[in-house]
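Engineer: Here's a structure for you.
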Amino acid sequence: MRTIRTGWNQLLVTLAVAPFVIPLAVMVGRSVGGEGFLRNYGAVLNRPEMLTFLRNSVVIAAGTVAVTFVCTMLASYALAKLPLRGREVAFYLIVAALTLPSAALTVPLFINVRNLGLYDTPWAVILPIAALQTAFGVFLARGFMAGIPDETIDAARVDGANSFRVFWYIVLPLSRPVAAVVIVWTFVSAWNEYLLPLLFLQEVDQQTVTLLPSYFVGQFQADQPKVFAATVLIALPTVICYIAFSRFFERGIMAGSIK
Amino acid sequence: MHGKRRGSLILTVVLAGAGALSGCAGGASTTDSPDWAAVAPQNASGKVTVWAWSDDQATVDAIASRFMQRYPKIQVTFKAIPYKDYTNALSAGLASGKGPDVFIVEPRSIVRFAPLSEDVTPLLQSVLGKEWQNRLVMSQVDELKVKDGRIVGLPNQANGAGTVLLNQGLLDQLGLSWPGDVKSIDELAEFCGQVKAKGKSCIGVGQDEWVLQDVYQAIANSIRPGVFTSAVQGKTPWTDPVLVKAFDLFQALFTRGVVQEGALGMPMYTDVDYAWQRGEIVAMAVGNWSAMNLLEPNSVRFQKSAGVKDPKPLRAQLLPFPAIGGNPVHVFATGYGGTAINVASKNKAAAAAWANWYSLDPEGRQKEAGNDLIGIPALKGVKIEPQGIAYPELGRPSIEFLEEEFANATDPRGVEYPELLTALETAFQQSASGTGSQQVTEELENASRSIAR
Amino acid sequence: MTWQLTRQGRGFMRRPPLRNSFYLVPALVLLGALVYFSVFYTMWLSTHEWDGFGPNPLFVGADNYAKVFGDAVYWKSVLNVAGFLLLILLQMAYGLLMAVALHGRVVLGVVYRIALFVPVVLAPAVMAPAFREIFSPDGQFNQALEAVGLGALRHAWLADPDTAIFAIAVIAIWSGTGFSFILYYAALTQVDPRVFEAARVDGAGRLRTLWSITIPLMSRTHLTYLVLGTIATIKLFDIPQIITGGGPANSTQFPATYIYRAGVVNFNAGYGAAMTVVMVVICLILAVAQLRLGTRAERNGF
């Protein structure tokens with residue numbers, strides 16, 4: 001009985017996921033076409049800029065995750081669990097930041113970044129992405145933290161913990177699933193950001209890996225297999241990041257504590 | 001009032017970096033000796049950054065290293081930026097006050113970036129001498145001249161269309177011959193029916209505005225030469241019977257199986273081009289630059305990119321677009337942008353050395369580009385010697401046709417009003433998907449009237 | 001006692017201590033310095049005519065707004081968004097079902113999770129050629145239709161103004177569902193497995209458990225995704241921009257692609273800003289309404 005149900009489950013899940021895999025299969029298939037796997041991936045990895053770009057991407061992604069994580073977790077905690085003047089206003093202000101389309105952001109962000117003297121430094125990319133990701137993260141994390149029962153916190157409060165200790169020892173550990181989502185998401189956004197590094201970092205040795213695919217594209221011709229190979233390589237770290245953090249999403253961590 | 005003050009503050013911020021821009025408009029350089037233009041290239045030294053959009057990075061790296069072989073004291077960083085982001089990136093780079101020393105400017109951005117572009121007239125005089133006007137195709141220089149009389153870039157090559165690139169080898173395989181003498185859509189559709197019956201597509205066209213425009217302009221000119229340009233300039237209404245009829249013919253290309261299925265879902269580059277490279281399409285509506293395919297190394301490289309295993313060069317031929325309007329199609333051509341020098345460049349002598357080699361030196365980049373058949377150099381006296389023509393019996397006549405027709409083209413190709421381009425794109429795509437020519441031209445005329453020319 | 005919990009606090013603490021606001025400072029400084037400036041700047045720009053670069057923006061008052069309200073293409077793009085808002089429900093249902101299924105016994109579950117996650121992280125720009133191939137007349141989509149006996153529907157999907165929008169919708173579902181899945185998957189960890197165990201002991205079937213227990217328990221996640229999905233849909237840009245460029249004949253134009261065209265491609269930054277303001281206002285009204293209704297529903301016990 002159990003086995004049959006599991007078998008059905010497996011089959012249904014496979015069928016449901018299959019359409020998501022087709023475009024990926026097309027992409028990976030094309031990336032080994034033309035001159036073949038070794039030459040395509042080799043051509044990407046042998047670009048002299050590869051290591052520099054990789055380093056820059058790591059710096060920008062790590063910086064963005066750090067800034068976003070601190071801002072998001074502190075703000076979400078206050079908005080979810082602390083009595084606050086103007087709570088609603090603060091929350092809606094943060095949501096409002098999500099509604100601006102990127103086409104409306106580039107010019108004002110450029111003005112800001114220039115004013116702050118950040119143009120052509122990694123901060124020119126880190127801070128704008130972190131700002132937008134914080135708005136996003138707060139929206140997610142506040143909801144999750146609100147789901148942590150007040151009784152759990154009350155117990156610590158009775159023991160005399162101050163608000164920061166409660167944050168540090170109770171709320172933050174219990175928020176690991178959503179923290180993992182925020183981290184993965186921020187990492188992915190920063191890692192995949194294409195336009196801001198192109199616009200705000202003009203020295204070639206400041207550029208990020210997202211520029212690599214376009215290195216194989218000319219006006220009248222694109223070496224599509226290598227473009228796809230570069231894409232696959234760029235996507236790998238995001239997948240690794242997802243796997244690394246996904247154990248925090250697993251069932252069990254929160255077992256017994258909620259609801 | 002408050003808003004106004006904020007505005008000027010913001011603008012000051014945006015523009016401050018390049019030094020009071022409009023103040024520089026006279027062309028007097030601020031940071032360098034005023035006679036940068038007179039420095040001989042071999043005496044210039046230091047670092048130069050160049051931005052362009054056209055080629056892949058390996059190609060531009062190779063171009064830069066050839067320059068550095070010639071002028072070893074100059075260190076060039078040549079950055080290729082994807083075309084769709086080029087204007088954006090260049091705007092930010094120039095407004096930051098740093099930006100590239102030299103940049104290639106595309107036609108629609110000449111006016112936009114003019115305040116930040118150095119006047120190159122002194123360079124023209126010092127390199128080409130007093131008679132410099134006789135050394136260049138002046139229509140292309142005029143395109144780079146802005147209202148205050150400055151010339152804000154050096155012309156590079158002409159780009160034109162009104163042609164098709166034919167895969168003669170494929171046609172032979174199908175046992176058909178190209179109907180070079182068609183005079184009507186019926187004749188062309190009949191030929192394409194034969195092609196289709198053999199499982200291939202006839203003429204490849206993409207979704208892009210520029211290629212739809214090339215096809216439409218070719219048809220309109222085949223009815224009455226110059227009528228398209230006259231409408232672009234606002235002198236002929238789009239509702240003129242000739243232009244309406246041209247839309248009918250344009251639509252027929254799509255409804256009568258002349259153009260390949262799914263054209264509006266395919267960008268010309270690379271989708272349509274690759275289908276042509278793979279031998280799925282007999283001809284494609286491309287201009288002079290497609291002559292690159294006549295050379296063996298190019299043809300092999302392009303086919304490889306398109307996924308052809310162990311390709312042999314294609315037997316290609318450049319021909320006029322079929323004369324379905326009744327009169328033979330003459331090509332139309334315009335200069336494709338220019339090489340500009342940033343007014344804020346800290347090393348204008350070296351920037352000038354690059355610009356000179358790229359645009360004015362008969363042994364420099366213009367010769368390379370000419371030899372590679374990318375475009376017709378605006379610089380006269382460049383001796384074009386294409387290497388490795390795959391099939392001289394087809395290639396030679398194509399190149400002769402190219403040199404004769406494009407050098408003497410009188411009708412311009414470009415549309416300089418961005419909003420008209422948008423309206424044209426909608427009109428072409430609507431027409432191609434079945435909207436009647438009356439409605440299309442009326443809407444086009446309305447849009448056209450609201451544009452300040 | 002220096003601080004109070006929310007629920008208890010509401011009753012008797014009239015003035016929450018100011019120090020609680022310090023937790024918000026880093027976030028608000030970051031957002032204030034970078035994002036809110038952009039909001040005001042866009043509002044200011046919307047009353048001007050400017051090419052986005054040169055030195056002379058011209059004050060034109062409400063002219064840009066008057067033009068927005070008369071611009072048929074803009075409102076068509078808004079209509080496209082309205083249709084796409086329905087896709088959010090589809091993404092939610094798909095994501096929830098996958099999350100529930102993958103929380104169950106599945107061999108190699110991690111592979112399935114990655115397959116759902118990867119589409120979210122791939123930039124549409126680089127996937128565009130693959131999608132154009134899939135939806136081309138001889139592409140995999142048509143092949144799949146033929147394989148299931150629907151060969152009569154074979155079509156040049158992206159080339160036809162009447163069908164291109166469906167192809168864009170499929171791609172939007174493809175790239176958006178993974179995020180809804182991740183949210184539900186994380187939220188399911190908040191639920192005590194004993195709840196499901198108890199339901200099973202009571203003899204509730206899987207559908208019944210899903211409908212009566214899982215879905216109500218996820219109410220907060222529904223709201224979160226509904227709001228984020230609405231905002232993301234209204235801002236939808238990359239997919240239509242890169243795959244169809246808003247065409248053919250503006251049939252896949254979305255506000256963000258149209259704003260980009262006006263502001264960046266056509267050098268009409270003021271008009272782009274005015275359209276942005278209209279779009280942001282619509283977006284805010286929807287988001288706030290959803291949040292308000294959601295909170296009320298939650299207070300009433302859903």
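Labels used: A, B, ... for chains in the order of the structure tokens, numbers from 1 for residues in each chain, and numbers from 1 for ligands as shown.
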Counting only C-alpha atoms, collect the residues of chain B whose closest atom lies at most 10 Å from chain A, and write them out as an MDAnalysis selection string.

Structural biologist: chainID B and resid 10:11 13:15 17 49 53:60 77:83 85:86 88:93 95:100 268:271 273:274 289:290 301:310

Engineer: Can you write just those residues out, N, CA and C atoms, as a short mmCIF file (atom, residue, chain, number, x, y, z; two decimals), in the first residue's frame?

Structural biologist:
```cif
data_model
loop_
_atom_site.label_atom_id
_atom_site.label_comp_id
_atom_site.auth_asym_id
_atom_site.auth_seq_id
_atom_site.Cartn_x
_atom_site.Cartn_y
_atom_site.Cartn_z
N ILE B 10 20.34 68.05 -9.94
CA ILE B 10 20.57 66.70 -10.43
C ILE B 10 21.35 66.74 -11.74
N LEU B 11 20.94 67.66 -12.59
CA LEU B 11 21.61 67.71 -13.89
C LEU B 11 23.04 68.13 -13.75
N VAL B 13 24.83 67.43 -11.38
CA VAL B 13 25.53 66.23 -10.93
C VAL B 13 25.83 65.32 -12.10
N VAL B 14 24.81 65.08 -12.92
CA VAL B 14 25.02 64.17 -14.04
C VAL B 14 26.12 64.67 -14.95
N LEU B 15 26.10 65.96 -15.18
CA LEU B 15 26.98 66.47 -16.23
C LEU B 15 28.31 66.96 -15.73
N GLY B 17 30.81 65.75 -14.19
CA GLY B 17 32.02 64.96 -14.36
C GLY B 17 32.78 65.26 -15.63
N THR B 49 41.51 53.79 -23.65
CA THR B 49 40.38 52.86 -23.56
C THR B 49 39.43 53.12 -24.71
N TRP B 53 30.51 48.38 -29.93
CA TRP B 53 29.50 47.34 -29.68
C TRP B 53 29.58 46.18 -30.66
N SER B 54 30.33 46.34 -31.76
CA SER B 54 30.02 45.47 -32.89
C SER B 54 30.50 44.04 -32.81
N ASP B 55 31.69 43.81 -32.29
CA ASP B 55 32.27 42.47 -32.44
C ASP B 55 32.35 41.72 -31.13
N ASP B 56 32.62 40.41 -31.23
CA ASP B 56 32.86 39.64 -30.02
C ASP B 56 34.24 40.00 -29.46
N GLN B 57 34.47 39.63 -28.19
CA GLN B 57 35.66 40.12 -27.49
C GLN B 57 36.95 39.62 -28.14
N ALA B 58 36.96 38.37 -28.62
CA ALA B 58 38.19 37.85 -29.23
C ALA B 58 38.56 38.69 -30.45
N THR B 59 37.57 39.11 -31.23
CA THR B 59 37.84 39.91 -32.42
C THR B 59 38.38 41.29 -32.04
N VAL B 60 37.76 41.94 -31.06
CA VAL B 60 38.25 43.28 -30.72
C VAL B 60 39.62 43.19 -30.05
N THR B 77 42.98 49.29 -24.28
CA THR B 77 41.98 48.36 -23.77
C THR B 77 40.73 48.56 -24.61
N PHE B 78 40.36 47.53 -25.34
CA PHE B 78 39.21 47.63 -26.26
C PHE B 78 38.08 46.82 -25.64
N LYS B 79 37.01 47.52 -25.27
CA LYS B 79 35.90 46.85 -24.58
C LYS B 79 34.71 46.75 -25.52
N ALA B 80 34.25 45.52 -25.73
CA ALA B 80 33.06 45.31 -26.56
C ALA B 80 31.85 45.20 -25.65
N ILE B 81 30.85 46.02 -25.88
CA ILE B 81 29.64 46.05 -25.04
C ILE B 81 28.47 45.58 -25.90
N PRO B 82 27.62 44.70 -25.35
CA PRO B 82 26.47 44.24 -26.15
C PRO B 82 25.66 45.41 -26.69
N TYR B 83 25.23 45.29 -27.93
CA TYR B 83 24.58 46.42 -28.60
C TYR B 83 23.39 46.97 -27.83
N ASP B 85 22.76 47.24 -24.82
CA ASP B 85 23.08 48.02 -23.63
C ASP B 85 24.09 49.12 -23.91
N TYR B 86 24.46 49.27 -25.17
CA TYR B 86 25.59 50.16 -25.46
C TYR B 86 25.29 51.62 -25.12
N ASN B 88 23.13 52.86 -23.07
CA ASN B 88 23.03 52.97 -21.61
C ASN B 88 24.40 53.04 -20.95
N ALA B 89 25.25 52.08 -21.32
CA ALA B 89 26.57 52.00 -20.70
C ALA B 89 27.41 53.22 -21.08
N LEU B 90 27.29 53.65 -22.31
CA LEU B 90 28.07 54.80 -22.76
C LEU B 90 27.59 56.07 -22.06
N SER B 91 26.28 56.20 -21.88
CA SER B 91 25.74 57.36 -21.16
C SER B 91 26.34 57.43 -19.77
N ALA B 92 26.31 56.29 -19.06
CA ALA B 92 26.84 56.27 -17.69
C ALA B 92 28.34 56.55 -17.70
N GLY B 93 29.05 55.89 -18.60
CA GLY B 93 30.50 56.06 -18.65
C GLY B 93 30.90 57.50 -18.91
N ALA B 95 28.98 60.25 -18.56
CA ALA B 95 28.51 61.16 -17.52
C ALA B 95 29.31 61.02 -16.23
N SER B 96 29.97 59.89 -16.07
CA SER B 96 30.76 59.70 -14.85
C SER B 96 32.01 60.57 -14.86
N GLY B 97 32.35 61.10 -16.03
CA GLY B 97 33.54 61.92 -16.11
C GLY B 97 34.77 61.10 -16.45
N LYS B 98 34.66 59.79 -16.34
CA LYS B 98 35.79 58.94 -16.75
C LYS B 98 35.50 58.52 -18.18
N GLY B 99 34.88 57.37 -18.32
CA GLY B 99 34.45 56.95 -19.64
C GLY B 99 35.62 56.60 -20.53
N PRO B 100 35.32 56.07 -21.71
CA PRO B 100 36.38 55.69 -22.64
C PRO B 100 37.03 56.92 -23.26
N MET B 268 16.75 38.58 -36.89
CA MET B 268 17.57 38.33 -38.08
C MET B 268 18.89 37.69 -37.67
N TYR B 269 19.54 38.30 -36.66
CA TYR B 269 20.76 37.70 -36.11
C TYR B 269 20.46 37.24 -34.71
N THR B 270 20.64 36.01 -34.40
CA THR B 270 21.28 35.07 -35.29
C THR B 270 20.29 34.07 -35.92
N ASP B 271 19.02 34.09 -35.54
CA ASP B 271 18.12 33.00 -35.94
C ASP B 271 17.97 32.81 -37.45
N ASP B 273 19.73 34.21 -39.91
CA ASP B 273 21.04 34.01 -40.53
C ASP B 273 21.49 32.56 -40.38
N TYR B 274 21.30 32.00 -39.19
CA TYR B 274 21.75 30.63 -38.97
C TYR B 274 20.93 29.64 -39.80
N TRP B 289 27.06 44.18 -45.76
CA TRP B 289 27.93 43.51 -44.80
C TRP B 289 27.92 42.00 -44.97
N SER B 290 26.82 41.49 -45.54
CA SER B 290 26.72 40.03 -45.68
C SER B 290 27.72 39.51 -46.70
N ARG B 301 33.46 29.74 -40.61
CA ARG B 301 33.26 30.11 -39.20
C ARG B 301 31.77 30.32 -38.91
N PHE B 302 31.08 31.02 -39.79
CA PHE B 302 29.66 31.30 -39.55
C PHE B 302 28.84 30.01 -39.52
N GLN B 303 29.16 29.11 -40.45
CA GLN B 303 28.40 27.86 -40.47
C GLN B 303 28.64 27.04 -39.22
N LYS B 304 29.91 27.06 -38.74
CA LYS B 304 30.21 26.34 -37.51
C LYS B 304 29.38 26.89 -36.36
N SER B 305 29.32 28.22 -36.27
CA SER B 305 28.52 28.83 -35.20
C SER B 305 27.06 28.43 -35.31
N ALA B 306 26.62 28.21 -36.57
CA ALA B 306 25.22 27.84 -36.78
C ALA B 306 25.00 26.36 -36.54
N GLY B 307 26.06 25.63 -36.23
CA GLY B 307 25.90 24.23 -35.87
C GLY B 307 26.13 23.26 -37.02
N VAL B 308 26.72 23.73 -38.12
CA VAL B 308 27.00 22.83 -39.24
C VAL B 308 28.30 22.09 -38.96
N LYS B 309 28.26 20.77 -39.09
CA LYS B 309 29.48 19.98 -38.86
C LYS B 309 30.34 19.98 -40.13
N ASP B 310 31.64 20.15 -39.95
CA ASP B 310 32.61 20.14 -41.05
C ASP B 310 32.13 20.89 -42.28
#
```

Engineer: Could you make a table, as a Markdown table, of the residues of chain C that have an atom within 6 Å of an atom of chain A, each with its nearest atom pair and distance in Å to one decimal, counting only C-alpha atoms, in chain and number order?

Structural biologist:
```
| residue | atom | partner | partner_atom | distance |
| --- | --- | --- | --- | --- |
| C:Leu5 | CA | A:Leu82 | CA | 5.7 |
| C:Thr6 | CA | A:Pro83 | CA | 5.2 |
| C:Pro16 | CA | A:Pro83 | CA | 5.5 |
| C:Tyr23 | CA | A:Leu74 | CA | 5.1 |
| C:Leu24 | CA | A:Ala75 | CA | 4.5 |
| C:Pro26 | CA | A:Cys71 | CA | 5.4 |
| C:Ala27 | CA | A:Cys71 | CA | 4.8 |
| C:Leu30 | CA | A:Ala131 | CA | 5.6 |
| C:Leu31 | CA | A:Ala131 | CA | 5.2 |
| C:Ser38 | CA | A:Pro108 | CA | 5.1 |
| C:Val106 | CA | A:Gln10 | CA | 5.7 |
| C:Ala186 | CA | A:Phe249 | CA | 5.1 |
| C:Thr189 | CA | A:Arg251 | CA | 4.9 |
| C:Gln190 | CA | A:Met254 | CA | 5.8 |
| C:Asp192 | CA | A:Ala255 | CA | 5.3 |
| C:Lys235 | CA | A:Pro101 | CA | 5.6 |
| C:Tyr260 | CA | A:Ala103 | CA | 5.7 |
| C:Val280 | CA | A:Thr99 | CA | 5.8 |
```

Engineer: Can I get the selected residues back with C-alpha atoms, as a short mmCIF file (atom, residue, chain, number, x, y, z; two decimals), in the first residue's frame?

Structural biologist:
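Contents of the output file again-v7.cif:
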```cif
data_model
loop_
_atom_site.label_atom_id
_atom_site.label_comp_id
_atom_site.auth_asym_id
_atom_site.auth_seq_id
_atom_site.Cartn_x
_atom_site.Cartn_y
_atom_site.Cartn_z
CA LEU C 5 5.66 41.61 22.92
CA THR C 6 3.34 42.66 20.21
CA PRO C 16 6.52 51.73 22.65
CA TYR C 23 16.33 47.80 14.49
CA LEU C 24 14.84 49.48 11.44
CA PRO C 26 20.00 50.05 8.75
CA ALA C 27 17.22 49.01 6.39
CA LEU C 30 19.85 51.92 2.86
CA LEU C 31 16.45 52.20 1.22
CA SER C 38 14.69 57.31 -7.14
CA VAL C 106 10.34 10.95 -3.26
CA ALA C 186 10.17 26.59 3.57
CA THR C 189 8.88 23.21 7.71
CA GLN C 190 6.98 25.44 10.12
CA ASP C 192 4.46 20.14 12.94
CA LYS C 235 7.17 44.86 -13.32
CA TYR C 260 12.02 51.07 -21.43
CA VAL C 280 3.82 52.29 -9.49
#
```

Engineer: Which neighbours of region 427-441 of chain B fall inside 9 Å, counting only C-alpha atoms, when residues of the same chain fewer than 4 positions from it are skipped, and could you give them as a VMD selection string?

Structural biologist: (chain B and resid 207 209 212 to 213 216 237 to 240 243 to 248 250 to 255 264 422 to 423 445 to 446) or (chain C and resid 159 to 161 247 to 250)

Engineer: Would you mind exporting C-alpha atoms of the selected residues as a PDB file, in the first residue's frame?

Structural biologist:
```pdb
ATOM      1  CA  GLN B 207      11.358  40.416 -36.758  1.00  0.00           C
ATOM      2  CA  GLU B 209      12.655  46.788 -37.378  1.00  0.00           C
ATOM      3  CA  LEU B 212      11.558  44.927 -42.192  1.00  0.00           C
ATOM      4  CA  GLN B 213      12.404  48.515 -43.068  1.00  0.00           C
ATOM      5  CA  TYR B 216       9.838  47.802 -47.321  1.00  0.00           C
ATOM      6  CA  PRO B 237       2.366  61.424 -46.532  1.00  0.00           C
ATOM      7  CA  TRP B 238       2.447  57.733 -45.633  1.00  0.00           C
ATOM      8  CA  THR B 239      -1.061  57.520 -47.078  1.00  0.00           C
ATOM      9  CA  ASP B 240       0.335  58.261 -50.550  1.00  0.00           C
ATOM     10  CA  LEU B 243       3.372  53.785 -50.067  1.00  0.00           C
ATOM     11  CA  VAL B 244       0.004  52.097 -49.574  1.00  0.00           C
ATOM     12  CA  LYS B 245       0.692  49.828 -52.531  1.00  0.00           C
ATOM     13  CA  ALA B 246       4.149  49.100 -51.132  1.00  0.00           C
ATOM     14  CA  PHE B 247       2.480  47.891 -47.934  1.00  0.00           C
ATOM     15  CA  ASP B 248       0.209  45.620 -49.977  1.00  0.00           C
ATOM     16  CA  PHE B 250       5.060  43.893 -48.342  1.00  0.00           C
ATOM     17  CA  GLN B 251       2.145  42.009 -46.815  1.00  0.00           C
ATOM     18  CA  ALA B 252       1.984  39.666 -49.794  1.00  0.00           C
ATOM     19  CA  LEU B 253       5.557  38.542 -49.088  1.00  0.00           C
ATOM     20  CA  PHE B 254       4.295  37.118 -45.814  1.00  0.00           C
ATOM     21  CA  THR B 255       0.881  35.854 -46.886  1.00  0.00           C
ATOM     22  CA  LEU B 264       8.107  37.705 -36.790  1.00  0.00           C
ATOM     23  CA  THR B 422       8.922  52.683 -33.198  1.00  0.00           C
ATOM     24  CA  ALA B 423       5.885  53.538 -35.320  1.00  0.00           C
ATOM     25  CA  GLU B 445       0.856  59.041 -40.828  1.00  0.00           C
ATOM     26  CA  ASN B 446      -0.669  60.097 -37.480  1.00  0.00           C
TER      27      ASN B 446
ATOM     28  CA  ALA C 159       5.382  35.147 -34.779  1.00  0.00           C
ATOM     29  CA  ASP C 160       1.634  35.647 -34.450  1.00  0.00           C
ATOM     30  CA  PRO C 161       0.364  38.691 -32.522  1.00  0.00           C
ATOM     31  CA  GLY C 247       6.132  42.416 -30.509  1.00  0.00           C
ATOM     32  CA  PRO C 248       4.866  41.368 -32.909  1.00  0.00           C
ATOM     33  CA  ALA C 249       2.958  44.623 -33.339  1.00  0.00           C
ATOM     34  CA  ASN C 250       3.041  45.439 -29.597  1.00  0.00           C
TER      35      ASN C 250
END
```

Engineer: So that I can check the secondary structure, give me every residue of region 32-79 of chain C assigned alpha helix (DSSP H) by backbone DSSP, as a VMD selection string.

Structural biologist: chain C and resid 37 to 45 63 to 69 72 to 79

Engineer: Export, as a compact mmCIF listing (two decimals), in the first residue's frame, the selected residues with N, CA and C atoms.

Structural biologist:
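Ended up saving to again-v5.txt:
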```
# COMPACT_ATOMS: atom_id res chain seq x y z
N PHE C 37 15.06 58.08 -3.06
CA PHE C 37 15.53 59.15 -3.94
C PHE C 37 15.05 58.90 -5.37
N SER C 38 15.12 57.64 -5.78
CA SER C 38 14.69 57.31 -7.14
C SER C 38 13.22 57.58 -7.35
N VAL C 39 12.43 57.37 -6.29
CA VAL C 39 10.99 57.62 -6.40
C VAL C 39 10.74 59.11 -6.66
N PHE C 40 11.37 59.94 -5.83
CA PHE C 40 11.15 61.39 -5.99
C PHE C 40 11.71 61.88 -7.31
N TYR C 41 12.85 61.33 -7.66
CA TYR C 41 13.46 61.73 -8.92
C TYR C 41 12.53 61.41 -10.09
N THR C 42 11.96 60.20 -10.06
CA THR C 42 11.05 59.80 -11.14
C THR C 42 9.83 60.71 -11.19
N MET C 43 9.30 61.06 -10.00
CA MET C 43 8.15 61.96 -9.98
C MET C 43 8.51 63.32 -10.57
N TRP C 44 9.68 63.80 -10.20
CA TRP C 44 10.12 65.09 -10.74
C TRP C 44 10.28 65.01 -12.26
N LEU C 45 10.94 63.93 -12.69
CA LEU C 45 11.22 63.78 -14.12
C LEU C 45 9.94 63.67 -14.94
N ASP C 63 1.74 67.41 -19.08
CA ASP C 63 1.62 66.95 -20.48
C ASP C 63 1.91 65.46 -20.64
N ASN C 64 2.99 65.01 -19.97
CA ASN C 64 3.33 63.60 -20.10
C ASN C 64 2.20 62.71 -19.61
N TYR C 65 1.54 63.16 -18.53
CA TYR C 65 0.45 62.34 -17.99
C TYR C 65 -0.74 62.32 -18.95
N ALA C 66 -1.02 63.48 -19.54
CA ALA C 66 -2.11 63.53 -20.51
C ALA C 66 -1.83 62.54 -21.64
N LYS C 67 -0.54 62.49 -22.05
CA LYS C 67 -0.16 61.58 -23.12
C LYS C 67 -0.32 60.12 -22.68
N VAL C 68 0.03 59.84 -21.42
CA VAL C 68 -0.10 58.47 -20.92
C VAL C 68 -1.55 58.01 -21.05
N PHE C 69 -2.49 58.88 -20.63
CA PHE C 69 -3.88 58.46 -20.61
C PHE C 69 -4.45 58.28 -22.01
N ALA C 72 -2.79 54.31 -26.40
CA ALA C 72 -3.46 53.01 -26.49
C ALA C 72 -2.50 51.86 -26.20
N VAL C 73 -1.24 51.99 -26.64
CA VAL C 73 -0.31 50.88 -26.43
C VAL C 73 -0.03 50.69 -24.94
N TYR C 74 0.09 51.81 -24.21
CA TYR C 74 0.33 51.69 -22.77
C TYR C 74 -0.81 50.92 -22.11
N TRP C 75 -2.02 51.27 -22.46
CA TRP C 75 -3.15 50.61 -21.79
C TRP C 75 -3.31 49.17 -22.26
N LYS C 76 -2.87 48.91 -23.49
CA LYS C 76 -2.83 47.52 -23.92
C LYS C 76 -1.83 46.74 -23.05
N SER C 77 -0.72 47.38 -22.75
CA SER C 77 0.29 46.71 -21.93
C SER C 77 -0.26 46.47 -20.52
N VAL C 78 -1.07 47.41 -20.03
CA VAL C 78 -1.69 47.22 -18.71
C VAL C 78 -2.66 46.05 -18.76
N LEU C 79 -3.37 45.94 -19.88
CA LEU C 79 -4.31 44.83 -20.06
C LEU C 79 -3.57 43.49 -20.06
```

Engineer: Env of Val152 (chain B): 7 Å cut, atoms = only C-alpha atoms, seq-sep filter 6 positions within chain, self excluded. Answer as a list in words.

Structural biologist: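 My list of contacting residues is Ala114, Ser117, Glu118, Asp119, Val120, Leu144, Lys145 and Ala340 of chain B.
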
Engineer: Pull out every residue of chain C sitting within 9 Å of chain B, counting only C-alpha atoms, and send them as a PyMOL selection string.

Structural biologist: chain C and resi 41+44-45+51-57+59+129+132-133+135-137+155-161+164+243-244+247-250+261-262+264-267

Engineer: Go through C:Val110, C:Val29, C:Val170, C:Leu85 one by one, measure the shortest atom-to-atom distance of each to Ile239 (chain C) using only C-alpha atoms, and give the residue with the smallest value.

Structural biologist: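 Nearest to Ile239 (chain C): C:Val170.
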
Engineer: What's the 6 Å shell around Gly337 (chain B), counting only C-alpha atoms, without same-chain residues fewer than 2 positions away, as a list of chain:residue names?

Structural biologist: B:Val105, B:Glu106, B:Pro107, B:Gly335

Engineer: Step one, run DSSP on the backbone; step two, keep only residues of region 46-99 of chain C assigned to strand (DSSP E or B); then write them as a tab-separated table (two decimals) with C-alpha atoms, in the first residue's frame.

Structural biologist:
```tsv
chain	number	residue	atom	x	y	z
C	48	HIS	CA	9.69	67.23	-17.78
C	49	GLU	CA	10.71	66.49	-21.31
C	58	LEU	CA	12.04	71.19	-20.24
C	59	PHE	CA	9.26	71.60	-17.69
```

Engineer: Show which residues sit within 9 Å of Ala125 (chain C), as a list in words. Count only C-alpha atoms, and ignore same-chain residues fewer than 2 positions away.

Structural biologist: Leu122, Ala123, Met127, Ala128, Pro129, Asp238, Ile239, Gln241, Ile242 and Ile243 of chain C

Engineer: Sort by chain and increasing residue number a table of all residues of region 69-154 of chain B within 7 Å of region 346-360 of chain B, each with its closest pair of atoms and their distance in Å to one decimal, counting only C-alpha atoms, and write it as a Markdown table.

Structural biologist:
```
| residue | atom | partner | partner_atom | distance |
| --- | --- | --- | --- | --- |
| B:Ile74 | CA | B:Ala350 | CA | 6.8 |
| B:Asp101 | CA | B:Ala351 | CA | 5.9 |
| B:Val102 | CA | B:Ala351 | CA | 6.0 |
| B:Leu154 | CA | B:Ser359 | CA | 6.2 |
```

Engineer: Keeping only C-alpha atoms, write those residues as a PDB file, in the first residue's frame.

Structural biologist:
```pdb
ATOM      1  CA  ILE B  74      50.336  52.892 -26.614  1.00  0.00           C
ATOM      2  CA  ASP B 101      38.932  57.876 -24.400  1.00  0.00           C
ATOM      3  CA  VAL B 102      37.537  56.808 -27.748  1.00  0.00           C
ATOM      4  CA  LEU B 154      35.420  60.233 -37.891  1.00  0.00           C
TER       5      LEU B 154
END
```
